[in-house]
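Q: Just one file: upload00.cif, with mmCIF, C-alpha atoms and all ligand atoms.
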```
data_protein
loop_
_atom_site.group_PDB
_atom_site.id
_atom_site.type_symbol
_atom_site.label_atom_id
_atom_site.label_comp_id
_atom_site.auth_asym_id
_atom_site.auth_seq_id
_atom_site.Cartn_x
_atom_site.Cartn_y
_atom_site.Cartn_z
ATOM 1 C CA MET A 1 70.491 118.710 113.427
ATOM 2 C CA THR A 2 71.984 115.723 115.229
ATOM 3 C CA ALA A 3 73.993 114.022 112.482
ATOM 4 C CA LYS A 4 76.228 116.197 110.347
ATOM 5 C CA ILE A 5 78.011 113.265 108.734
ATOM 6 C CA PRO A 6 76.036 112.079 105.719
ATOM 7 C CA PHE A 7 75.070 108.442 105.943
ATOM 8 C CA PHE A 8 75.174 106.530 102.693
ATOM 9 C CA LEU A 9 73.337 103.389 101.712
ATOM 10 C CA ASP A 10 73.708 100.823 98.943
ATOM 11 C CA GLY A 11 72.835 102.354 95.585
ATOM 12 C CA ASP A 12 73.149 105.962 96.723
ATOM 13 C CA LYS A 13 74.520 108.311 94.091
ATOM 14 C CA SER A 14 77.127 110.959 94.687
ATOM 15 C CA LYS A 15 79.907 112.856 92.940
ATOM 16 C CA ALA A 16 83.607 112.665 93.648
ATOM 17 C CA ILE A 17 87.013 113.145 92.104
ATOM 18 C CA CYS A 18 88.090 109.750 90.755
ATOM 19 C CA PRO A 19 91.842 109.121 91.201
ATOM 20 C CA HIS A 20 91.768 106.814 88.178
ATOM 21 C CA CYS A 21 89.831 109.044 85.765
ATOM 22 C CA LYS A 22 91.321 112.224 87.278
ATOM 23 C CA ALA A 23 87.974 113.924 86.832
ATOM 24 C CA LEU A 24 84.740 114.671 88.635
ATOM 25 C CA VAL A 25 82.625 111.575 88.154
ATOM 26 C CA SER A 26 79.322 110.290 89.433
ATOM 27 C CA THR A 27 79.691 107.475 91.930
ATOM 28 C CA THR A 28 77.465 104.745 93.273
ATOM 29 C CA PHE A 29 77.725 103.350 96.767
ATOM 30 C CA CYS A 30 77.885 99.613 97.082
ATOM 31 C CA ARG A 31 79.322 96.953 99.336
ATOM 32 C CA ARG A 32 82.645 95.446 98.364
ATOM 33 C CA ASP A 33 85.281 93.230 99.885
ATOM 34 C CA ILE A 34 88.271 95.554 100.165
ATOM 35 C CA PRO A 35 91.761 94.026 100.275
ATOM 36 C CA PHE A 36 94.347 95.461 102.624
ATOM 37 C CA GLU A 37 97.480 96.987 101.161
ATOM 38 C CA SER A 38 99.349 93.957 102.454
ATOM 39 C CA GLY A 39 97.017 91.753 100.422
ATOM 40 C CA ASN A 40 96.810 89.267 103.273
ATOM 41 C CA ASP A 41 93.183 89.869 104.155
ATOM 42 C CA VAL A 42 90.061 91.698 103.115
ATOM 43 C CA VAL A 43 87.439 93.794 104.851
ATOM 44 C CA LYS A 44 84.107 92.197 104.045
ATOM 45 C CA ASP A 45 81.052 94.155 102.924
ATOM 46 C CA LEU A 46 82.598 97.581 103.232
ATOM 47 C CA LEU A 47 80.413 100.380 101.895
ATOM 48 C CA VAL A 48 82.447 102.295 99.336
ATOM 49 C CA ALA A 49 81.891 104.803 96.531
ATOM 50 C CA VAL A 50 82.525 103.265 93.118
ATOM 51 C CA CYS A 51 83.255 105.340 90.013
ATOM 52 C CA ASP A 52 80.474 104.969 87.445
ATOM 53 C CA THR A 53 82.998 105.412 84.633
ATOM 54 C CA CYS A 54 85.822 102.992 85.481
ATOM 55 C CA ARG A 55 84.169 101.001 88.312
ATOM 56 C CA GLY A 56 87.190 101.755 90.491
ATOM 57 C CA ILE A 57 86.836 102.522 94.182
ATOM 58 C CA VAL A 58 86.858 106.278 94.667
ATOM 59 C CA ALA A 59 86.330 106.613 98.395
ATOM 60 C CA THR A 60 85.492 104.849 101.578
ATOM 61 C CA PRO A 61 83.015 106.955 103.546
ATOM 62 C CA ALA A 62 83.878 107.875 107.116
ATOM 63 C CA GLN A 63 81.156 105.561 108.333
ATOM 64 C CA SER A 64 83.093 102.620 106.892
ATOM 65 C CA THR A 65 86.426 103.297 108.581
ATOM 66 C CA PRO A 66 85.507 101.684 111.933
ATOM 67 C CA ALA A 67 85.047 98.426 110.025
ATOM 68 C CA ILE A 68 88.559 98.799 108.602
ATOM 69 C CA HIS A 69 90.048 99.495 112.024
ATOM 70 C CA GLU A 70 88.175 96.573 113.493
ATOM 71 C CA ALA A 71 89.444 94.214 110.817
ATOM 72 C CA LYS A 72 92.980 95.563 111.125
ATOM 73 C CA ASP A 73 92.861 95.085 114.897
ATOM 74 C CA LYS A 74 91.755 91.494 114.369
ATOM 75 C CA LEU A 75 94.530 90.955 111.850
ATOM 76 C CA SER A 76 97.254 92.452 114.043
ATOM 77 C CA SER A 77 96.113 90.463 117.075
ATOM 78 C CA GLN A 78 96.286 87.296 114.969
ATOM 79 C CA GLN A 79 99.776 88.185 113.813
ATOM 80 C CA GLY A 80 100.774 88.999 117.393
ATOM 81 C CA SER A 81 99.969 85.440 118.436
ATOM 82 C CA LEU A 82 102.386 83.988 115.886
ATOM 83 C CA PRO A 83 105.726 82.720 117.224
HETATM 84 ZN ZN ZN A 101 87.002 106.467 87.440
#
```
Will you turn the file into structure tokens for me?
Ligand SMILES: [Zn+2]

A:
Amino acid sequence: MTAKIPFFLDGDKSKAICPHCKALVSTTFCRRDIPFESGNDVVKDLLVAVCDTCRGIVATPAQSTPAIHEAKDKLSSQQGSLP
């Protein structure tokens, strides 16, 4: 009982509420390049849950958020160096 957070891998199946379908759908985990809201950059190879019905991204597992923070830190430090 060391890890309580489930760890997902490529191709893992799960179920989640899809914000696009507004229903409980089955999801598949896969790696995607996720664009930031700003649209200026993407997070490469982020493991996310994809809706099997509409292929939309349903969730980014907690294990993936450090990658987002890391990429955001990189982005903000780049922007900070601009004149
Ligand atoms: Zn969906």

Q: When distances are computed from only C-alpha atoms and all ligand atoms, which of A:Thr65, A:Ser77, A:Thr53, A:Thr27 shows the smallest separation from ligand ZN 101 (chain A)?

A: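 Of all the options, A:Thr53 lies closest to ligand ZN 101 (chain A).
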
Q: Identify all residues satisfying the PyMOL selection byres (((chain A and resi 34) around 8) and not hetatm) in the given file; provide them as a ChimeraX atom specification.

A: /A:32-33,35-36,42-46

Q: Output C-alpha atoms of each residue in that selection to a file, as an mmCIF file, in the coordinates of the input.

A:
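Saved as selection.cif:
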```cif
data_model
loop_
_atom_site.group_PDB
_atom_site.id
_atom_site.type_symbol
_atom_site.label_atom_id
_atom_site.label_comp_id
_atom_site.auth_asym_id
_atom_site.auth_seq_id
_atom_site.Cartn_x
_atom_site.Cartn_y
_atom_site.Cartn_z
ATOM 1 C CA ARG A 32 82.645 95.446 98.364
ATOM 2 C CA ASP A 33 85.281 93.230 99.885
ATOM 3 C CA PRO A 35 91.761 94.026 100.275
ATOM 4 C CA PHE A 36 94.347 95.461 102.624
ATOM 5 C CA VAL A 42 90.061 91.698 103.115
ATOM 6 C CA VAL A 43 87.439 93.794 104.851
ATOM 7 C CA LYS A 44 84.107 92.197 104.045
ATOM 8 C CA ASP A 45 81.052 94.155 102.924
ATOM 9 C CA LEU A 46 82.598 97.581 103.232
#
```

Q: Find the residues around Val48 of chain A up to 6 Å (only C-alpha atoms counted), leave out those fewer than 6 positions away in its own chain, and share them as a ChimeraX atom specification.

A: /A:29-30,59-60

Q: Quick one: of A:Cys54, A:Ala49, A:Ala71, A:Leu9, who's nearest to ligand ZN 101 (chain A), counting only C-alpha atoms and all ligand atoms?

A: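 Comparing A:Cys54, A:Ala49, A:Ala71, A:Leu9 against ligand ZN 101 (chain A), the winner is A:Cys54.
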
Q: Could you tell me which residues the PyMOL selection byres (((not hetatm)) within 6 of (chain A and resi 101)) grabs in this file, written as a list in words?

A: Cys18, His20, Cys21, Cys51, Thr53, Cys54 and Gly56 of chain A

Q: Report, in Å with one decimal, the straight-line distance from atom CA of Gln63 of chain A to atom CA of Ser76 of chain A.

A: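 Atom CA of Ser76 of chain A lies 21.5 Å from atom CA of Gln63 of chain A.
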
Q: So the first atom is atom CA of Ile17 of chain A and the second is atom CA of Ser64 of chain A; what is the distance between them in Å, to one decimal place?

A: 18.6 Å

Q: From the set A:Gln78, A:Phe7, A:Ala23, A:Thr28, which residue has the shortest atom-to-atom contact distance to Asp52 of chain A, counting only C-alpha atoms?

A: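 For Asp52 of chain A, the nearest of the candidates is A:Thr28.
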